[in-house]
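J.: If you scroll down you'll find the structure; I have some questions about it.
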Amino acid sequence: VDLEGQAAAIEAVREAFDSLSKPPGLTLEMTGVGVFGVELQSLIRSEAQTRSLLASLALALVIGFFYRNLRMLMLAVLPLAMGCLLGLAAVALAFDKVHGITLAFGFTLLGITIDYPFHLFSHAKTSSRQAIHAIWPTLRIGALSTVVVYLGLVFAGSEGLAQLGLFSATGVTTALLVTRFWLPGLLPPARDQAEAGPSDRAEEAIAFRANYAPAAISLVVAVAFCAFSWSGSPWNDDISSLSPVPDSRIATDTGLRAAAGTADMSHELVLHADSLPRLLQDGEQLDRLLQSAADSGAIESWQSVSILLPSPATFSARQNSIPSTSILNQRVVEAAEGTPFRSDAFSPFVESTERARTLPPLTPDHYRDTALASWLGSHLLQVRDQWVALVSLRGLNQELLRKEFAQWDGFDQRLDWVDVREASITLMENYRLGALQVLSVASVIVIAILLFGYRRFRSVPWVMLSVLSALAVTVAGVTLVQGAMTVIHLVALLLVLGLGLDYALFMSRSENPAERSASAQAVIACAISTTLTFGILATSSIPLLRFLGLTVALGSTASFLIAWSGSRGFSARV
């Protein structure tokens, strides 16, 4: 939709209405896709500006409080920015165009990368290079696990999710490498002075001791809550739940469309054929069946391309039915007798009729650059070697129409009845199921990476239990606040998974007291910054932003509390 053109048209209509002399109480009500698009553009721009400013301020406050240096703000954002740029480059190289879902959610999934600089900042008390070497094994394992999960989306069966997975995996990898090889050399000199002294190196690390009770209790409580609160499916696949348009505006739109007698776009008959003439011929046959359905009360009316494009056979029959010039002149003379009109006054009409007898059949090109081109273009499509016509229905009695539809013969599976709402629900469900299946396999790979790459076998069960418990608590919290979850919540849970891994891995390190204090500072800074920035999104009036914000804010808090409370011996020394 050309939103700038729509905005200009809306303003012109309002100005014309204001200039009218109208009775008191007469108001102008405007609705439709264009009106909603203009309103939402303004709302989204306002929301994005306000919340971006608040999120940036929250991040600056966290960095200022924990690291006392706002230069760190630019350094913290550098890995994220580089990850976004190379992620977009990877998608652009692999696909013809960047899908909207990549731009909408890719930057959100890269939110995990803000944690990488925080870990470096907290450990770089004396030497940034020594610090990155110390935390690199843990940082690498956490990032690699996250990359595996994000790459799983590439095989989820949807181009949008594939792009999202490639973008996120590339971005996380880039951010990790930037943190590893660039940031240590960019830190302020005060943080890169002397190497650690002999006493620091000689201090023995204290072995991590896991406490499983907090994670186990959280998991049991969350699962029990979900079991008792879910009366049906925990998922809401209705795409209308993501609509930012208020219900009152949708109701007004529905009422005005009904009053104007426009078609109900939620139900369409889809007719397809291997050629345009065959499609138009079948369309005329369908029109006769729909007229019968209208007579029986199954529908009130319908709109098909036949009203603009007759089949070649029908067009030829109509031409052949036009009288010859001699017969038409005779009839005009007879009709003009006894009237004030001269018979030659109708000569232009006779000439136009003669030209009509020799015109070529109508084609879509005849409507190009006309007011009807847009309508015809949305109802007549050519998809590769197939022609498709959409027939819009109005005033359906679905039970009666289904009975009529079941008796229609002669189309040989070339006619489908599409319930747009049900089709969108099925599409969203397929996206979700495909993502869940692939992510289940990715989770197994993550466990293998932790077992064979982390090399702290006693910590791995605790790490996985902590992450699983945080996910369960997040799901329970979202269910309590927002009801059933959507595919948006699923995408947000991927970020929660990455956050949970990051917090738990750094909480389970065997370190000396000074290093443990640094790890504690980093994890606290990560949790506070993530919870604040996504908590700001949770207050948005736009469902998509609100769902993302609430899920990640809850997940970040749950991941931190569960990992912190379960790291026995760690918290006692901090």
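Ordering of the structure tokens sets the chain letters (A, B, ...); residue numbers start at 1 within each chain; ligands are numbered from 1 in the order shown.
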Name the residues of stretch 68-293 of chain A that come out as helix (DSSP H, G or I) in a backbone DSSP run; write them as a ChimeraX atom specification.
T.: /A:71-94,100-123,128-155,159-181,183-186,189-191,198-202,213-229,239-242,247-260,276-293
J.: In Å, with one decimal, what is the gap from atom CA of A:Ser52 to atom CA of A:Ser240?
T.: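 Rounded to one decimal, the two atoms are 25.9 Å apart.
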J.: Could you name the residues that touch A:Asp115 at 9 Å or less, counting only C-alpha atoms, but leaving out those on the same chain fewer than 5 positions away, as a ChimeraX atom specification?
T.: /A:76,120,499,502,522-523,525-527,530
J.: Go ahead and save the residues from that selection, with N, CA, C and O atoms, as a JSON list (two decimals), in the first residue's frame.
T.:
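Full text of again_31.json as output:
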```
[["chain", "number", "residue", "atom", "x", "y", "z"],
["A", 76, "ALA", "N", 29.70, -1.59, 23.68],
["A", 76, "ALA", "CA", 28.74, -2.68, 23.90],
["A", 76, "ALA", "C", 27.85, -2.88, 22.69],
["A", 76, "ALA", "O", 27.45, -4.01, 22.38],
["A", 120, "LEU", "N", 32.98, -9.36, 29.11],
["A", 120, "LEU", "CA", 34.35, -8.88, 28.94],
["A", 120, "LEU", "C", 34.62, -7.68, 29.85],
["A", 120, "LEU", "O", 35.67, -7.62, 30.52],
["A", 499, "LEU", "N", 19.48, -16.62, 26.53],
["A", 499, "LEU", "CA", 19.78, -15.93, 27.78],
["A", 499, "LEU", "C", 20.00, -16.92, 28.91],
["A", 499, "LEU", "O", 20.93, -16.77, 29.72],
["A", 502, "ASP", "N", 23.36, -18.54, 28.64],
["A", 502, "ASP", "CA", 24.42, -17.59, 28.99],
["A", 502, "ASP", "C", 24.53, -17.44, 30.51],
["A", 502, "ASP", "O", 25.63, -17.54, 31.07],
["A", 522, "ALA", "N", 28.69, -9.28, 35.80],
["A", 522, "ALA", "CA", 28.31, -9.35, 34.39],
["A", 522, "ALA", "C", 26.91, -9.92, 34.22],
["A", 522, "ALA", "O", 26.09, -9.38, 33.45],
["A", 523, "VAL", "N", 26.61, -11.01, 34.91],
["A", 523, "VAL", "CA", 25.30, -11.64, 34.77],
["A", 523, "VAL", "C", 24.20, -10.70, 35.28],
["A", 523, "VAL", "O", 23.12, -10.59, 34.67],
["A", 525, "ALA", "N", 24.32, -7.42, 35.37],
["A", 525, "ALA", "CA", 24.19, -6.34, 34.38],
["A", 525, "ALA", "C", 23.42, -6.81, 33.15],
["A", 525, "ALA", "O", 22.55, -6.10, 32.62],
["A", 526, "CYS", "N", 23.72, -8.02, 32.69],
["A", 526, "CYS", "CA", 22.99, -8.58, 31.54],
["A", 526, "CYS", "C", 21.51, -8.72, 31.84],
["A", 526, "CYS", "O", 20.65, -8.33, 31.02],
["A", 527, "ALA", "N", 21.19, -9.29, 33.00],
["A", 527, "ALA", "CA", 19.79, -9.53, 33.35],
["A", 527, "ALA", "C", 19.03, -8.22, 33.51],
["A", 527, "ALA", "O", 17.90, -8.09, 33.02],
["A", 530, "THR", "N", 18.59, -6.45, 29.96],
["A", 530, "THR", "CA", 17.62, -7.16, 29.12],
["A", 530, "THR", "C", 16.21, -7.00, 29.66],
["A", 530, "THR", "O", 15.26, -6.73, 28.90]]
```
J.: Quick one: residues within 12 Å of A:Ser231, only C-alpha atoms, excluding same-chain residues fewer than 6 positions away - as JSON, numbers by chain?
T.: {"A": [225, 479, 483, 484]}
J.: Please produce a file of the residues just selected, as a PDB file, in the first residue's frame, where the atoms kept are N, CA, C and O atoms.
T.:
```
ATOM      1  N   PHE A 225       1.185 -25.587  37.000  1.00  0.00           N
ATOM      2  CA  PHE A 225       0.318 -24.451  36.679  1.00  0.00           C
ATOM      3  C   PHE A 225      -0.216 -24.564  35.256  1.00  0.00           C
ATOM      4  O   PHE A 225      -1.416 -24.366  35.009  1.00  0.00           O
ATOM      5  N   THR A 479       1.290 -17.335  29.920  1.00  0.00           N
ATOM      6  CA  THR A 479      -0.070 -17.883  29.943  1.00  0.00           C
ATOM      7  C   THR A 479      -0.931 -17.156  30.966  1.00  0.00           C
ATOM      8  O   THR A 479      -2.106 -16.848  30.709  1.00  0.00           O
ATOM      9  N   GLY A 483      -2.679 -15.298  28.245  1.00  0.00           N
ATOM     10  CA  GLY A 483      -3.443 -16.427  27.742  1.00  0.00           C
ATOM     11  C   GLY A 483      -2.612 -17.285  26.814  1.00  0.00           C
ATOM     12  O   GLY A 483      -1.425 -17.481  27.025  1.00  0.00           O
ATOM     13  N   ALA A 484      -3.234 -17.794  25.762  1.00  0.00           N
ATOM     14  CA  ALA A 484      -2.531 -18.681  24.826  1.00  0.00           C
ATOM     15  C   ALA A 484      -1.395 -17.947  24.124  1.00  0.00           C
ATOM     16  O   ALA A 484      -1.432 -16.728  23.938  1.00  0.00           O
TER      17      ALA A 484
END
```
J.: Excluding A:Ala9 and any residue of its chain fewer than 5 positions from it, enumerate the residues within 12 Å of it, using only C-alpha atoms, and give them as a tab-separated table (two decimals) with all heavy atoms, in the first residue's frame.
T.:
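Output contents, as saved in part-v3.tsv:
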```tsv
chain	number	residue	atom	x	y	z
A	2	ASP	N	0.56	2.21	-0.87
A	2	ASP	CA	1.27	3.48	-0.90
A	2	ASP	C	0.73	4.35	0.23
A	2	ASP	O	-0.27	5.05	0.08
A	2	ASP	CB	1.06	4.14	-2.27
A	2	ASP	CG	1.76	5.50	-2.37
A	2	ASP	OD1	2.53	5.84	-1.45
A	2	ASP	OD2	1.52	6.21	-3.37
A	3	LEU	N	1.40	4.31	1.38
A	3	LEU	CA	0.88	5.01	2.56
A	3	LEU	C	0.91	6.52	2.38
A	3	LEU	O	0.02	7.22	2.88
A	3	LEU	CB	1.67	4.59	3.80
A	3	LEU	CG	1.50	3.13	4.23
A	3	LEU	CD1	2.30	2.84	5.48
A	3	LEU	CD2	0.02	2.81	4.47
A	4	GLU	N	1.92	7.03	1.68
A	4	GLU	CA	1.96	8.48	1.45
A	4	GLU	C	0.79	8.92	0.58
A	4	GLU	O	0.13	9.93	0.85
A	4	GLU	CB	3.29	8.86	0.82
A	4	GLU	CG	4.48	8.68	1.74
A	4	GLU	CD	5.77	9.17	1.11
A	4	GLU	OE1	5.70	9.68	-0.03
A	4	GLU	OE2	6.83	9.04	1.74
A	14	ARG	N	-11.12	14.54	3.83
A	14	ARG	CA	-11.51	15.29	5.02
A	14	ARG	C	-11.70	16.77	4.72
A	14	ARG	O	-12.63	17.42	5.23
A	14	ARG	CB	-10.45	15.11	6.11
A	14	ARG	CG	-10.50	13.72	6.76
A	14	ARG	CD	-9.38	13.52	7.74
A	14	ARG	NE	-9.52	12.22	8.42
A	14	ARG	CZ	-8.56	11.60	9.05
A	14	ARG	NH1	-7.34	12.16	9.11
A	14	ARG	NH2	-8.77	10.44	9.65
A	15	GLU	N	-10.81	17.34	3.90
A	15	GLU	CA	-10.96	18.74	3.52
A	15	GLU	C	-12.24	18.97	2.73
A	15	GLU	O	-12.95	19.97	2.93
A	15	GLU	CB	-9.74	19.19	2.71
A	15	GLU	CG	-8.45	19.28	3.53
A	15	GLU	CD	-7.26	19.66	2.68
A	15	GLU	OE1	-7.44	19.79	1.45
A	15	GLU	OE2	-6.16	19.84	3.24
A	16	ALA	N	-12.54	18.04	1.82
A	16	ALA	CA	-13.77	18.17	1.04
A	16	ALA	C	-15.00	18.06	1.94
A	16	ALA	O	-15.99	18.79	1.75
A	16	ALA	CB	-13.81	17.09	-0.05
A	30	MET	N	-14.16	7.09	8.32
A	30	MET	CA	-13.33	6.50	7.28
A	30	MET	C	-12.71	5.21	7.81
A	30	MET	O	-12.27	5.15	8.96
A	30	MET	CB	-12.24	7.48	6.84
A	30	MET	CG	-12.77	8.78	6.29
A	30	MET	SD	-11.45	9.89	5.73
A	30	MET	CE	-10.85	9.00	4.31
A	34	GLY	N	-6.25	1.19	3.78
A	34	GLY	CA	-5.45	2.40	3.65
A	34	GLY	C	-5.50	3.26	4.89
A	34	GLY	O	-4.48	3.77	5.36
A	35	VAL	N	-6.70	3.44	5.45
A	35	VAL	CA	-6.86	4.26	6.66
A	35	VAL	C	-6.11	3.62	7.82
A	35	VAL	O	-5.39	4.28	8.57
A	35	VAL	CB	-8.35	4.44	7.00
A	35	VAL	CG1	-8.52	5.20	8.31
A	35	VAL	CG2	-9.07	5.16	5.86
A	38	VAL	N	-2.29	4.05	7.43
A	38	VAL	CA	-1.79	5.39	7.77
A	38	VAL	C	-1.77	5.60	9.27
A	38	VAL	O	-0.81	6.12	9.84
A	38	VAL	CB	-2.66	6.47	7.07
A	38	VAL	CG1	-2.29	7.86	7.58
A	38	VAL	CG2	-2.49	6.40	5.57
```
J.: Quick one: distance from atom CA of A:Ile10 to atom CA of A:Arg249 in Å, one decimal?
T.: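 Between atom CA of A:Ile10 and atom CA of A:Arg249 the gap is 16.4 Å.
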J.: Could you pull the residues within 7 Å of A:Pro79, counting only C-alpha atoms, minus those fewer than 5 positions along the same chain, as a list in words?
T.: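 My reading of the contact set: Thr113, Ala175, Val178 and Thr179 of chain A.
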J.: Could you pull out all residues of stretch 160-360 of chain A with a DSSP call of strand (DSSP E) and give them as a tab-separated table (two decimals) with N, CA and C atoms, in the first residue's frame?
T.:
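Once everything was written out, this is result_24.tsv:
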```
chain	number	residue	atom	x	y	z
A	264	ASP	N	-17.45	-10.06	1.09
A	264	ASP	CA	-16.81	-10.55	2.30
A	264	ASP	C	-15.51	-11.22	1.91
A	265	MET	N	-14.39	-10.55	2.17
A	265	MET	CA	-13.09	-11.05	1.72
A	265	MET	C	-12.59	-12.22	2.56
A	266	SER	N	-13.32	-12.60	3.60
A	266	SER	CA	-12.87	-13.73	4.42
A	266	SER	C	-13.19	-15.07	3.78
A	267	HIS	N	-14.03	-15.08	2.74
A	267	HIS	CA	-14.34	-16.32	2.02
A	267	HIS	C	-14.18	-16.07	0.52
A	268	GLU	N	-13.40	-16.92	-0.11
A	268	GLU	CA	-13.14	-16.77	-1.54
A	268	GLU	C	-13.27	-18.13	-2.23
A	269	LEU	N	-13.82	-18.09	-3.44
A	269	LEU	CA	-13.77	-19.26	-4.32
A	269	LEU	C	-12.58	-19.06	-5.25
A	270	VAL	N	-11.73	-20.06	-5.35
A	270	VAL	CA	-10.51	-19.96	-6.16
A	270	VAL	C	-10.65	-20.91	-7.34
A	271	LEU	N	-10.66	-20.34	-8.53
A	271	LEU	CA	-10.81	-21.11	-9.76
A	271	LEU	C	-9.51	-21.00	-10.56
A	272	HIS	N	-8.99	-22.13	-11.02
A	272	HIS	CA	-7.75	-22.08	-11.78
A	272	HIS	C	-7.84	-22.97	-13.02
A	273	ALA	N	-7.12	-22.56	-14.06
A	273	ALA	CA	-7.11	-23.29	-15.33
A	273	ALA	C	-5.77	-23.04	-16.00
A	301	SER	N	-24.77	-12.24	-2.73
A	301	SER	CA	-24.23	-11.81	-4.02
A	301	SER	C	-22.79	-12.27	-4.13
A	302	TRP	N	-22.18	-12.00	-5.27
A	302	TRP	CA	-20.79	-12.37	-5.50
A	302	TRP	C	-20.19	-11.44	-6.53
A	303	GLN	N	-18.88	-11.44	-6.60
A	303	GLN	CA	-18.16	-10.64	-7.58
A	303	GLN	C	-17.12	-11.54	-8.26
```
J.: Show me, as a list of chain:residue names, the residues that have an atom within 10 Å of stretch 380-389 of chain A when counting only C-alpha atoms, minus same-chain residues fewer than 4 positions from it.
T.: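 Listing them by chain and then by number gives A:Glu268, A:Leu269, A:Val270, A:Leu271, A:His272, A:Ala273, A:Asp274, A:Ser275, A:Leu276, A:Pro277, A:Arg278, A:Leu279, A:Leu280, A:Asp282, A:Gly283, A:Ser304, A:Val305, A:Ser306, A:Pro364, A:Trp375, A:Leu376, A:Arg414, A:Leu415.
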J.: May I ask for the distance between atom CA of A:Val350 and atom CA of A:Ile322, given in Å to one decimal place?
T.: 10.6 Å
